[in-house]
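What follows is the content of work.cif, which has mmCIF, N, CA and C atoms:
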```cif
data_data
#
loop_
_atom_site.label_atom_id
_atom_site.label_comp_id
_atom_site.auth_asym_id
_atom_site.auth_seq_id
_atom_site.Cartn_x
_atom_site.Cartn_y
_atom_site.Cartn_z
N MET W 26 0.83 -1.19 0.00
CA MET W 26 0.00 0.00 0.00
C MET W 26 0.87 1.26 0.00
N ARG W 27 1.95 1.24 0.83
CA ARG W 27 2.83 2.40 0.88
C ARG W 27 3.50 2.62 -0.47
N LEU W 28 3.90 1.51 -1.09
CA LEU W 28 4.52 1.62 -2.40
C LEU W 28 3.55 2.23 -3.39
N PHE W 29 2.30 1.81 -3.34
CA PHE W 29 1.27 2.33 -4.23
C PHE W 29 1.10 3.83 -4.04
N VAL W 30 1.04 4.28 -2.78
CA VAL W 30 0.88 5.71 -2.48
C VAL W 30 2.10 6.48 -2.95
N SER W 31 3.30 5.92 -2.72
CA SER W 31 4.51 6.59 -3.18
C SER W 31 4.53 6.72 -4.70
N LEU W 32 4.11 5.66 -5.39
CA LEU W 32 4.07 5.71 -6.85
C LEU W 32 3.06 6.74 -7.33
N LEU W 33 1.92 6.83 -6.66
CA LEU W 33 0.94 7.84 -7.04
C LEU W 33 1.52 9.24 -6.89
N PHE W 34 2.28 9.45 -5.82
CA PHE W 34 2.90 10.76 -5.59
C PHE W 34 3.88 11.09 -6.70
N VAL W 35 4.72 10.12 -7.06
CA VAL W 35 5.70 10.33 -8.13
C VAL W 35 5.00 10.61 -9.45
N ILE W 36 3.95 9.87 -9.74
CA ILE W 36 3.19 10.08 -10.98
C ILE W 36 2.58 11.49 -10.98
N ALA W 37 2.06 11.91 -9.83
CA ALA W 37 1.47 13.25 -9.76
C ALA W 37 2.52 14.33 -10.01
N LEU W 38 3.74 14.13 -9.50
CA LEU W 38 4.80 15.10 -9.74
C LEU W 38 5.18 15.13 -11.22
N CYS W 39 5.21 13.95 -11.84
CA CYS W 39 5.57 13.88 -13.26
C CYS W 39 4.47 14.46 -14.15
N ALA W 40 3.24 14.43 -13.68
CA ALA W 40 2.12 14.90 -14.49
C ALA W 40 1.96 16.42 -14.45
N GLN W 41 2.79 17.10 -13.67
CA GLN W 41 2.69 18.54 -13.59
C GLN W 41 3.04 19.14 -14.95
N PRO W 42 2.38 20.23 -15.35
CA PRO W 42 2.74 20.86 -16.62
C PRO W 42 4.15 21.40 -16.55
N PRO W 43 4.88 21.40 -17.65
CA PRO W 43 6.26 21.90 -17.63
C PRO W 43 6.29 23.38 -17.26
N GLN W 44 7.32 23.72 -16.50
CA GLN W 44 7.49 25.11 -16.09
C GLN W 44 8.14 25.88 -17.24
N ASP W 45 7.80 27.16 -17.34
CA ASP W 45 8.44 28.00 -18.35
C ASP W 45 9.93 28.10 -18.05
N ALA W 46 10.71 28.13 -19.08
CA ALA W 46 12.16 28.27 -18.90
C ALA W 46 12.46 29.63 -18.30
N PRO W 47 13.47 29.70 -17.43
CA PRO W 47 13.82 30.99 -16.85
C PRO W 47 14.23 31.97 -17.94
N LYS W 48 13.86 33.22 -17.75
CA LYS W 48 14.20 34.26 -18.71
C LYS W 48 15.62 34.72 -18.47
N LYS W 49 16.24 35.29 -19.50
CA LYS W 49 17.61 35.79 -19.36
C LYS W 49 17.67 36.84 -18.27
N GLY W 50 18.78 36.83 -17.56
CA GLY W 50 18.99 37.85 -16.55
C GLY W 50 18.39 37.49 -15.20
N GLY W 51 17.71 36.38 -15.09
CA GLY W 51 17.14 35.99 -13.81
C GLY W 51 16.67 34.57 -13.88
N GLY W 52 16.45 33.99 -12.77
CA GLY W 52 16.00 32.61 -12.71
C GLY W 52 14.54 32.57 -12.34
N GLY W 53 14.04 31.37 -12.14
CA GLY W 53 12.68 31.20 -11.66
C GLY W 53 12.60 31.70 -10.23
N ARG W 54 11.42 31.67 -9.69
CA ARG W 54 11.23 32.14 -8.32
C ARG W 54 11.94 31.19 -7.36
N ALA W 55 12.84 31.71 -6.59
CA ALA W 55 13.62 30.90 -5.66
C ALA W 55 12.76 30.52 -4.46
N PRO W 56 13.04 29.36 -3.88
CA PRO W 56 12.32 28.98 -2.66
C PRO W 56 12.53 30.03 -1.58
N GLN W 57 11.52 30.22 -0.76
CA GLN W 57 11.59 31.22 0.31
C GLN W 57 11.72 30.52 1.65
N ASN W 58 12.28 31.22 2.62
CA ASN W 58 12.35 30.76 4.00
C ASN W 58 13.19 29.50 4.16
N LEU W 59 14.24 29.36 3.36
CA LEU W 59 15.13 28.22 3.53
C LEU W 59 16.04 28.49 4.72
N LYS W 60 15.97 27.65 5.72
CA LYS W 60 16.81 27.82 6.90
C LYS W 60 17.83 26.70 7.01
N VAL W 61 17.57 25.57 6.37
CA VAL W 61 18.46 24.42 6.48
C VAL W 61 18.96 23.99 5.10
N LEU W 62 18.08 23.99 4.12
CA LEU W 62 18.45 23.58 2.78
C LEU W 62 19.19 24.70 2.07
N LYS W 63 20.03 24.32 1.11
CA LYS W 63 20.78 25.31 0.34
C LYS W 63 19.89 25.91 -0.74
N PRO W 64 20.10 27.19 -1.09
CA PRO W 64 19.25 27.85 -2.09
C PRO W 64 19.28 27.20 -3.47
N ASP W 65 20.36 26.52 -3.82
CA ASP W 65 20.46 25.92 -5.15
C ASP W 65 19.91 24.50 -5.22
N VAL W 66 19.27 24.04 -4.16
CA VAL W 66 18.74 22.68 -4.10
C VAL W 66 17.55 22.52 -5.06
N ASN W 67 17.39 21.34 -5.61
CA ASN W 67 16.21 21.02 -6.42
C ASN W 67 15.07 20.74 -5.44
N ILE W 68 14.30 21.76 -5.15
CA ILE W 68 13.31 21.68 -4.08
C ILE W 68 12.25 20.62 -4.33
N ARG W 69 11.81 20.45 -5.56
CA ARG W 69 10.80 19.42 -5.86
C ARG W 69 11.34 18.02 -5.58
N GLN W 70 12.57 17.78 -5.96
CA GLN W 70 13.18 16.47 -5.73
C GLN W 70 13.34 16.21 -4.24
N VAL W 71 13.83 17.20 -3.51
CA VAL W 71 14.05 17.03 -2.07
C VAL W 71 12.72 16.83 -1.34
N MET W 72 11.74 17.66 -1.64
CA MET W 72 10.44 17.51 -0.98
C MET W 72 9.78 16.19 -1.35
N GLY W 73 9.98 15.74 -2.58
CA GLY W 73 9.45 14.44 -2.98
C GLY W 73 10.06 13.30 -2.18
N SER W 74 11.37 13.41 -1.91
CA SER W 74 12.01 12.36 -1.11
C SER W 74 11.51 12.39 0.33
N PHE W 75 11.26 13.59 0.87
CA PHE W 75 10.70 13.68 2.22
C PHE W 75 9.31 13.04 2.26
N ALA W 76 8.49 13.38 1.27
CA ALA W 76 7.12 12.87 1.23
C ALA W 76 7.09 11.35 1.11
N SER W 77 7.94 10.78 0.26
CA SER W 77 7.93 9.33 0.11
C SER W 77 8.56 8.65 1.32
N GLY W 78 9.57 9.26 1.92
CA GLY W 78 10.21 8.69 3.09
C GLY W 78 9.29 8.60 4.29
N LEU W 79 8.37 9.57 4.41
CA LEU W 79 7.45 9.60 5.53
C LEU W 79 6.03 9.19 5.16
N GLY W 80 5.77 9.01 3.88
CA GLY W 80 4.43 8.62 3.44
C GLY W 80 3.40 9.72 3.68
N VAL W 81 3.80 10.97 3.44
CA VAL W 81 2.91 12.11 3.71
C VAL W 81 2.78 12.99 2.48
N ARG W 82 1.90 13.97 2.59
CA ARG W 82 1.73 14.98 1.55
C ARG W 82 2.29 16.30 2.07
N CYS W 83 2.34 17.28 1.21
CA CYS W 83 2.94 18.58 1.54
C CYS W 83 2.35 19.21 2.80
N ASP W 84 1.02 19.08 2.97
CA ASP W 84 0.37 19.75 4.10
C ASP W 84 0.67 19.10 5.45
N PHE W 85 1.47 18.04 5.47
CA PHE W 85 1.89 17.46 6.74
C PHE W 85 2.82 18.44 7.47
N CYS W 86 3.70 19.11 6.73
CA CYS W 86 4.64 20.07 7.31
C CYS W 86 4.32 21.52 6.96
N HIS W 87 3.70 21.72 5.79
CA HIS W 87 3.45 23.07 5.30
C HIS W 87 2.02 23.53 5.54
N VAL W 88 1.87 24.84 5.67
CA VAL W 88 0.55 25.47 5.71
C VAL W 88 0.29 25.93 4.28
N LEU W 89 -0.67 25.30 3.62
CA LEU W 89 -0.95 25.62 2.22
C LEU W 89 -1.90 26.80 2.12
N PRO W 90 -1.75 27.65 1.15
CA PRO W 90 -0.81 27.63 0.03
C PRO W 90 0.51 28.33 0.33
N ASN W 91 0.72 28.78 1.55
CA ASN W 91 1.94 29.53 1.90
C ASN W 91 3.01 28.56 2.39
N TYR W 92 3.77 28.01 1.47
CA TYR W 92 4.79 27.02 1.82
C TYR W 92 5.88 27.61 2.72
N ALA W 93 6.09 28.91 2.67
CA ALA W 93 7.14 29.55 3.48
C ALA W 93 6.72 29.74 4.93
N SER W 94 5.45 29.60 5.24
CA SER W 94 4.96 29.82 6.60
C SER W 94 5.58 28.82 7.57
N ASP W 95 5.84 29.30 8.79
CA ASP W 95 6.36 28.44 9.85
C ASP W 95 5.29 28.13 10.90
N GLU W 96 4.02 28.30 10.56
CA GLU W 96 2.94 28.09 11.53
C GLU W 96 2.79 26.63 11.95
N ASN W 97 3.13 25.69 11.09
CA ASN W 97 3.01 24.27 11.43
C ASN W 97 4.26 23.84 12.20
N PRO W 98 4.13 23.41 13.45
CA PRO W 98 5.31 23.02 14.24
C PRO W 98 6.05 21.82 13.66
N LYS W 99 5.40 21.03 12.84
CA LYS W 99 6.07 19.88 12.23
C LYS W 99 7.17 20.32 11.28
N LYS W 100 7.07 21.53 10.77
CA LYS W 100 8.11 22.05 9.87
C LYS W 100 9.42 22.24 10.62
N GLU W 101 9.35 22.73 11.84
CA GLU W 101 10.57 22.90 12.64
C GLU W 101 11.16 21.55 13.02
N THR W 102 10.30 20.58 13.31
CA THR W 102 10.77 19.22 13.58
C THR W 102 11.49 18.67 12.36
N ALA W 103 10.92 18.91 11.18
CA ALA W 103 11.55 18.45 9.94
C ALA W 103 12.93 19.09 9.78
N ARG W 104 13.05 20.35 10.12
CA ARG W 104 14.36 21.02 10.01
C ARG W 104 15.39 20.35 10.92
N HIS W 105 14.98 20.00 12.13
CA HIS W 105 15.90 19.31 13.04
C HIS W 105 16.32 17.96 12.47
N MET W 106 15.38 17.27 11.87
CA MET W 106 15.69 15.97 11.27
C MET W 106 16.64 16.13 10.08
N ILE W 107 16.44 17.16 9.28
CA ILE W 107 17.32 17.41 8.13
C ILE W 107 18.74 17.68 8.61
N VAL W 108 18.88 18.50 9.64
CA VAL W 108 20.20 18.79 10.20
C VAL W 108 20.85 17.51 10.71
N MET W 109 20.06 16.66 11.39
CA MET W 109 20.58 15.40 11.89
C MET W 109 21.12 14.54 10.74
N LEU W 110 20.35 14.43 9.66
CA LEU W 110 20.80 13.65 8.51
C LEU W 110 22.06 14.24 7.90
N GLN W 111 22.11 15.56 7.78
CA GLN W 111 23.29 16.21 7.21
C GLN W 111 24.53 15.93 8.06
N GLU W 112 24.36 15.98 9.38
CA GLU W 112 25.49 15.73 10.28
C GLU W 112 25.96 14.28 10.20
N ILE W 113 25.02 13.35 10.15
CA ILE W 113 25.39 11.93 10.05
C ILE W 113 26.10 11.67 8.73
N ASN W 114 25.52 12.13 7.63
CA ASN W 114 26.12 11.89 6.32
C ASN W 114 27.47 12.57 6.16
N ALA W 115 27.69 13.69 6.83
CA ALA W 115 28.97 14.41 6.74
C ALA W 115 30.10 13.62 7.39
N LYS W 116 29.78 12.69 8.26
CA LYS W 116 30.82 11.89 8.94
C LYS W 116 31.39 10.79 8.05
N PHE W 117 30.75 10.50 6.93
CA PHE W 117 31.27 9.50 6.01
C PHE W 117 32.29 10.17 5.09
N PRO W 118 33.45 9.54 4.88
CA PRO W 118 34.49 10.19 4.09
C PRO W 118 34.23 10.22 2.58
N ASP W 119 33.24 9.47 2.09
CA ASP W 119 33.04 9.39 0.64
C ASP W 119 32.06 10.42 0.09
N ASP W 120 31.53 11.31 0.93
CA ASP W 120 30.60 12.37 0.52
C ASP W 120 29.32 11.83 -0.12
N LYS W 121 28.96 10.60 0.17
CA LYS W 121 27.71 10.03 -0.34
C LYS W 121 26.63 10.13 0.72
N GLU W 122 25.39 10.02 0.25
CA GLU W 122 24.26 10.04 1.17
C GLU W 122 24.00 8.60 1.64
N HIS W 123 24.30 8.34 2.90
CA HIS W 123 24.12 7.00 3.46
C HIS W 123 22.82 6.88 4.24
N VAL W 124 22.36 7.99 4.79
CA VAL W 124 21.15 8.00 5.62
C VAL W 124 20.15 8.97 5.02
N THR W 125 18.90 8.54 4.92
CA THR W 125 17.82 9.39 4.41
C THR W 125 16.64 9.30 5.37
N CYS W 126 15.59 10.02 5.09
CA CYS W 126 14.38 9.93 5.90
C CYS W 126 13.86 8.49 5.92
N TYR W 127 13.93 7.85 4.76
CA TYR W 127 13.40 6.50 4.62
C TYR W 127 14.16 5.49 5.48
N THR W 128 15.43 5.76 5.77
CA THR W 128 16.24 4.85 6.57
C THR W 128 15.53 4.50 7.88
N CYS W 129 14.95 5.48 8.52
CA CYS W 129 14.27 5.25 9.80
C CYS W 129 12.75 5.20 9.67
N HIS W 130 12.21 6.06 8.85
CA HIS W 130 10.75 6.18 8.78
C HIS W 130 10.07 5.08 7.98
N ARG W 131 10.70 4.60 6.93
CA ARG W 131 10.15 3.51 6.11
C ARG W 131 8.72 3.78 5.67
N GLY W 132 8.45 5.03 5.31
CA GLY W 132 7.13 5.39 4.81
C GLY W 132 6.11 5.69 5.90
N ALA W 133 6.53 5.85 7.14
CA ALA W 133 5.61 6.14 8.25
C ALA W 133 6.02 7.46 8.91
N THR W 134 5.05 8.17 9.45
CA THR W 134 5.37 9.46 10.07
C THR W 134 6.19 9.31 11.34
N MET W 135 6.01 8.22 12.06
CA MET W 135 6.80 7.96 13.26
C MET W 135 7.68 6.74 13.01
N PRO W 136 9.00 6.88 13.17
CA PRO W 136 9.86 5.72 12.95
C PRO W 136 9.67 4.68 14.05
N LEU W 137 9.84 3.42 13.67
CA LEU W 137 9.77 2.35 14.66
C LEU W 137 11.00 2.43 15.54
N THR W 138 10.84 2.20 16.82
CA THR W 138 11.98 2.19 17.73
C THR W 138 12.35 0.77 18.13
N ALA W 139 11.59 -0.19 17.66
CA ALA W 139 11.88 -1.61 17.90
C ALA W 139 11.41 -2.39 16.69
N ALA W 140 11.99 -3.54 16.49
CA ALA W 140 11.59 -4.39 15.38
C ALA W 140 10.16 -4.87 15.59
N PRO W 141 9.39 -5.05 14.50
CA PRO W 141 8.03 -5.59 14.66
C PRO W 141 8.08 -7.01 15.18
N ALA W 142 7.02 -7.41 15.87
CA ALA W 142 6.95 -8.75 16.44
C ALA W 142 6.97 -9.78 15.30
N ALA W 143 7.65 -10.89 15.56
CA ALA W 143 7.73 -11.96 14.59
C ALA W 143 6.35 -12.63 14.48
N PRO W 144 5.98 -13.08 13.29
CA PRO W 144 4.69 -13.76 13.15
C PRO W 144 4.68 -15.07 13.95
N ALA W 145 3.53 -15.43 14.41
CA ALA W 145 3.38 -16.66 15.18
C ALA W 145 3.69 -17.85 14.28
N PRO W 146 4.23 -18.94 14.82
CA PRO W 146 4.52 -20.11 14.00
C PRO W 146 3.28 -20.62 13.29
N GLY W 147 3.47 -21.00 12.05
CA GLY W 147 2.35 -21.52 11.28
C GLY W 147 1.55 -20.46 10.55
N GLN W 148 1.98 -19.23 10.63
CA GLN W 148 1.25 -18.16 9.95
C GLN W 148 2.07 -17.57 8.85
#
```

So that I can check it, write out the structure of this file as structure tokens.
Amino acid sequence: MRLFVSLLFVIALCAQPPQDAPKKGGGGRAPQNLKVLKPDVNIRQVMGSFASGLGVRCDFCHVLPNYASDENPKKETARHMIVMLQEINAKFPDDKEHVTCYTCHRGATMPLTAAPAAPAPGQ
């Protein structure tokens, strides 16, 4: 089911109409209120990975339609989690991303803190 929802999300992102190419002398509208992410980040790709990693939609962290708003406290929690991931990944010498939201969340808003119970014998 989670895979199905994630696939629907990816399909919805792909079905978006193409954006107009940036005009000379300026770029498209830059993301606002970035406190943790870098300004040159591909925001759609990053937010898509957050959404699939936690199995949520944009309004889980954002107040729509004002994505820059900080009114939702989950947005600040997300920032702390992003910093945590950046710090963990920075400790690896190969500059690769070893830990993501999905590493712990596995498509759920709350990560499991213990392994799920083993199925009963015969099931």

Task: Residues within 8 Å of Phe85 (chain W), all atoms listed in the file, excluding chain neighbours under 4 positions, as a list in words - done: Val81, Leu89, Asn97, Pro98, Lys99 and Lys100 of chain W

Generate a file of the selected residues that holds N, CA and C atoms, formatted as a tab-separated table (two decimals), in the frame of the given file.
```
chain	number	residue	atom	x	y	z
W	81	VAL	N	3.80	10.97	3.44
W	81	VAL	CA	2.91	12.11	3.71
W	81	VAL	C	2.78	12.99	2.48
W	89	LEU	N	-0.67	25.30	3.62
W	89	LEU	CA	-0.95	25.62	2.22
W	89	LEU	C	-1.90	26.80	2.12
W	97	ASN	N	3.13	25.69	11.09
W	97	ASN	CA	3.01	24.27	11.43
W	97	ASN	C	4.26	23.84	12.20
W	98	PRO	N	4.13	23.41	13.45
W	98	PRO	CA	5.31	23.02	14.24
W	98	PRO	C	6.05	21.82	13.66
W	99	LYS	N	5.40	21.03	12.84
W	99	LYS	CA	6.07	19.88	12.23
W	99	LYS	C	7.17	20.32	11.28
W	100	LYS	N	7.07	21.53	10.77
W	100	LYS	CA	8.11	22.05	9.87
W	100	LYS	C	9.42	22.24	10.62
```

- [ ] Compile the contact shell of Cys126 (chain W) as a list in words: residues with an atom at most 8 Å away, counting all atoms listed in the file, same-chain residues fewer than 5 positions apart removed.
- [x] Ser74, Phe75, Ser77, Gly78, Leu79, Met106, Leu110, Arg131, Gly132 and Ala133 of chain W

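Taking all atoms listed in the file into account, Pro56 (chain W) lies nearest to W:Ala93 out of the set W:Ala93, W:Val124, W:Ile113, W:Val88.
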
Task: DSSP helix (DSSP H, G or I) residues within region 34-140 of chain W, listed as an NGL selection string - done: :W and (34-39 or 68-79 or 83-85 or 98-115 or 126-130)

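Nearest residue to Arg82 (chain W) among W:Ala140, W:Pro64, W:Thr134, W:Thr102 is W:Thr134, counting only C-alpha atoms.
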
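Here CA of Gln70 (chain W) is placed at a distance of 23.3 Å from atom C of Pro136 (chain W).
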
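The closest residue to Ser94 (chain W), picked from W:Gln148, W:Asn114, W:Asn67, W:Asn58 and counting only N, CA and C atoms, is W:Asn58.
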
- [ ] Measure the distance from CA of Pro146 (chain W) to CA of Cys129 (chain W) in Å and round it to one decimal.
- [x] 27.5 Å

Open item on the list: Just to confirm, what's the straight-line distance from atom C of His123 (chain W) to CA of Ile107 (chain W) in Å (one decimal)?
Closed with: 12.5 Å

TODO: Using all atoms listed in the file, find the one residue out of W:Leu137, W:Val108, W:Ala76, W:Ala145 that sits nearest to Val61 (chain W).
DONE: W:Val108

With 3 Å of padding per side, what axis-aligned box (centre and edge lengths, Å, one decimal) covers all the listed atoms of region 80-94 of chain W? Give it as JSON.
```
{"center_x": 2.6, "center_y": 19.2, "center_z": 3.8, "size_x": 15.0, "size_y": 27.2, "size_z": 13.5}
```

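Candidate residues W:Thr128, W:Pro141, W:Ala115, W:Met72 were compared for distance to Ala103 (chain W), and the nearest is W:Met72, using only C-alpha atoms.
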
Would you mind completing region 57-68 of chain W so that it carries all heavy atoms, and writing it out as a PDB file, in the frame of the given file?
```pdb
ATOM      1  N   GLN W  57      11.520  30.220  -0.760  1.00  0.00           N
ATOM      2  CA  GLN W  57      11.590  31.220   0.310  1.00  0.00           C
ATOM      3  C   GLN W  57      11.720  30.520   1.650  1.00  0.00           C
ATOM      4  O   GLN W  57      11.315  29.376   1.812  1.00  0.00           O
ATOM      5  CB  GLN W  57      10.332  32.075   0.310  1.00  0.00           C
ATOM      6  CG  GLN W  57      10.140  32.853  -0.970  1.00  0.00           C
ATOM      7  CD  GLN W  57       8.825  33.611  -0.971  1.00  0.00           C
ATOM      8  OE1 GLN W  57       7.976  33.414  -0.119  1.00  0.00           O
ATOM      9  NE2 GLN W  57       8.665  34.483  -1.939  1.00  0.00           N
ATOM     10  N   ASN W  58      12.280  31.220   2.620  1.00  0.00           N
ATOM     11  CA  ASN W  58      12.350  30.760   4.000  1.00  0.00           C
ATOM     12  C   ASN W  58      13.190  29.500   4.160  1.00  0.00           C
ATOM     13  O   ASN W  58      12.882  28.658   4.992  1.00  0.00           O
ATOM     14  CB  ASN W  58      10.931  30.556   4.569  1.00  0.00           C
ATOM     15  CG  ASN W  58      10.938  30.431   6.072  1.00  0.00           C
ATOM     16  OD1 ASN W  58      11.869  30.847   6.742  1.00  0.00           O
ATOM     17  ND2 ASN W  58       9.888  29.832   6.608  1.00  0.00           N
ATOM     18  N   LEU W  59      14.240  29.360   3.360  1.00  0.00           N
ATOM     19  CA  LEU W  59      15.130  28.220   3.530  1.00  0.00           C
ATOM     20  C   LEU W  59      16.040  28.490   4.720  1.00  0.00           C
ATOM     21  O   LEU W  59      16.797  29.452   4.713  1.00  0.00           O
ATOM     22  CB  LEU W  59      15.960  27.971   2.277  1.00  0.00           C
ATOM     23  CG  LEU W  59      15.214  27.477   1.052  1.00  0.00           C
ATOM     24  CD1 LEU W  59      16.185  27.275  -0.105  1.00  0.00           C
ATOM     25  CD2 LEU W  59      14.480  26.190   1.332  1.00  0.00           C
ATOM     26  N   LYS W  60      15.970  27.650   5.720  1.00  0.00           N
ATOM     27  CA  LYS W  60      16.810  27.820   6.900  1.00  0.00           C
ATOM     28  C   LYS W  60      17.830  26.700   7.010  1.00  0.00           C
ATOM     29  O   LYS W  60      18.841  26.859   7.677  1.00  0.00           O
ATOM     30  CB  LYS W  60      15.957  27.878   8.158  1.00  0.00           C
ATOM     31  CG  LYS W  60      15.051  29.097   8.191  1.00  0.00           C
ATOM     32  CD  LYS W  60      14.241  29.157   9.449  1.00  0.00           C
ATOM     33  CE  LYS W  60      13.358  30.400   9.431  1.00  0.00           C
ATOM     34  NZ  LYS W  60      12.503  30.483  10.612  1.00  0.00           N
ATOM     35  N   VAL W  61      17.570  25.570   6.370  1.00  0.00           N
ATOM     36  CA  VAL W  61      18.460  24.420   6.480  1.00  0.00           C
ATOM     37  C   VAL W  61      18.960  23.990   5.100  1.00  0.00           C
ATOM     38  O   VAL W  61      20.123  23.673   4.940  1.00  0.00           O
ATOM     39  CB  VAL W  61      17.740  23.242   7.179  1.00  0.00           C
ATOM     40  CG1 VAL W  61      18.618  22.021   7.228  1.00  0.00           C
ATOM     41  CG2 VAL W  61      17.318  23.636   8.584  1.00  0.00           C
ATOM     42  N   LEU W  62      18.080  23.990   4.120  1.00  0.00           N
ATOM     43  CA  LEU W  62      18.450  23.580   2.780  1.00  0.00           C
ATOM     44  C   LEU W  62      19.190  24.700   2.070  1.00  0.00           C
ATOM     45  O   LEU W  62      19.000  25.881   2.362  1.00  0.00           O
ATOM     46  CB  LEU W  62      17.196  23.204   1.976  1.00  0.00           C
ATOM     47  CG  LEU W  62      16.381  22.051   2.533  1.00  0.00           C
ATOM     48  CD1 LEU W  62      15.101  21.871   1.725  1.00  0.00           C
ATOM     49  CD2 LEU W  62      17.188  20.770   2.533  1.00  0.00           C
ATOM     50  N   LYS W  63      20.030  24.320   1.110  1.00  0.00           N
ATOM     51  CA  LYS W  63      20.780  25.310   0.340  1.00  0.00           C
ATOM     52  C   LYS W  63      19.890  25.910  -0.740  1.00  0.00           C
ATOM     53  O   LYS W  63      19.013  25.237  -1.271  1.00  0.00           O
ATOM     54  CB  LYS W  63      22.003  24.648  -0.291  1.00  0.00           C
ATOM     55  CG  LYS W  63      22.978  24.141   0.748  1.00  0.00           C
ATOM     56  CD  LYS W  63      24.136  23.425   0.118  1.00  0.00           C
ATOM     57  CE  LYS W  63      25.046  22.883   1.202  1.00  0.00           C
ATOM     58  NZ  LYS W  63      26.051  21.984   0.693  1.00  0.00           N
ATOM     59  N   PRO W  64      20.100  27.190  -1.090  1.00  0.00           N
ATOM     60  CA  PRO W  64      19.250  27.850  -2.090  1.00  0.00           C
ATOM     61  C   PRO W  64      19.280  27.200  -3.470  1.00  0.00           C
ATOM     62  O   PRO W  64      18.312  27.293  -4.214  1.00  0.00           O
ATOM     63  CB  PRO W  64      19.802  29.276  -2.173  1.00  0.00           C
ATOM     64  CG  PRO W  64      20.604  29.462  -0.937  1.00  0.00           C
ATOM     65  CD  PRO W  64      21.070  28.110  -0.506  1.00  0.00           C
ATOM     66  N   ASP W  65      20.360  26.520  -3.820  1.00  0.00           N
ATOM     67  CA  ASP W  65      20.460  25.920  -5.150  1.00  0.00           C
ATOM     68  C   ASP W  65      19.910  24.500  -5.220  1.00  0.00           C
ATOM     69  O   ASP W  65      20.042  23.823  -6.227  1.00  0.00           O
ATOM     70  CB  ASP W  65      21.906  25.946  -5.639  1.00  0.00           C
ATOM     71  CG  ASP W  65      22.837  25.138  -4.749  1.00  0.00           C
ATOM     72  OD1 ASP W  65      22.448  24.807  -3.610  1.00  0.00           O
ATOM     73  OD2 ASP W  65      23.969  24.846  -5.186  1.00  0.00           O
ATOM     74  N   VAL W  66      19.270  24.040  -4.160  1.00  0.00           N
ATOM     75  CA  VAL W  66      18.740  22.680  -4.100  1.00  0.00           C
ATOM     76  C   VAL W  66      17.550  22.520  -5.060  1.00  0.00           C
ATOM     77  O   VAL W  66      16.808  23.478  -5.301  1.00  0.00           O
ATOM     78  CB  VAL W  66      18.325  22.325  -2.649  1.00  0.00           C
ATOM     79  CG1 VAL W  66      17.100  23.103  -2.223  1.00  0.00           C
ATOM     80  CG2 VAL W  66      18.073  20.850  -2.499  1.00  0.00           C
ATOM     81  N   ASN W  67      17.390  21.340  -5.610  1.00  0.00           N
ATOM     82  CA  ASN W  67      16.210  21.020  -6.420  1.00  0.00           C
ATOM     83  C   ASN W  67      15.070  20.740  -5.440  1.00  0.00           C
ATOM     84  O   ASN W  67      14.919  19.621  -4.955  1.00  0.00           O
ATOM     85  CB  ASN W  67      16.492  19.813  -7.315  1.00  0.00           C
ATOM     86  CG  ASN W  67      15.314  19.457  -8.187  1.00  0.00           C
ATOM     87  OD1 ASN W  67      14.158  19.758  -7.871  1.00  0.00           O
ATOM     88  ND2 ASN W  67      15.588  18.794  -9.286  1.00  0.00           N
ATOM     89  N   ILE W  68      14.300  21.760  -5.150  1.00  0.00           N
ATOM     90  CA  ILE W  68      13.310  21.680  -4.080  1.00  0.00           C
ATOM     91  C   ILE W  68      12.250  20.620  -4.330  1.00  0.00           C
ATOM     92  O   ILE W  68      11.821  19.938  -3.400  1.00  0.00           O
ATOM     93  CB  ILE W  68      12.695  23.078  -3.799  1.00  0.00           C
ATOM     94  CG1 ILE W  68      12.070  23.130  -2.414  1.00  0.00           C
ATOM     95  CG2 ILE W  68      11.686  23.459  -4.853  1.00  0.00           C
ATOM     96  CD1 ILE W  68      13.063  23.238  -1.332  1.00  0.00           C
TER      97      ILE W  68
END
```
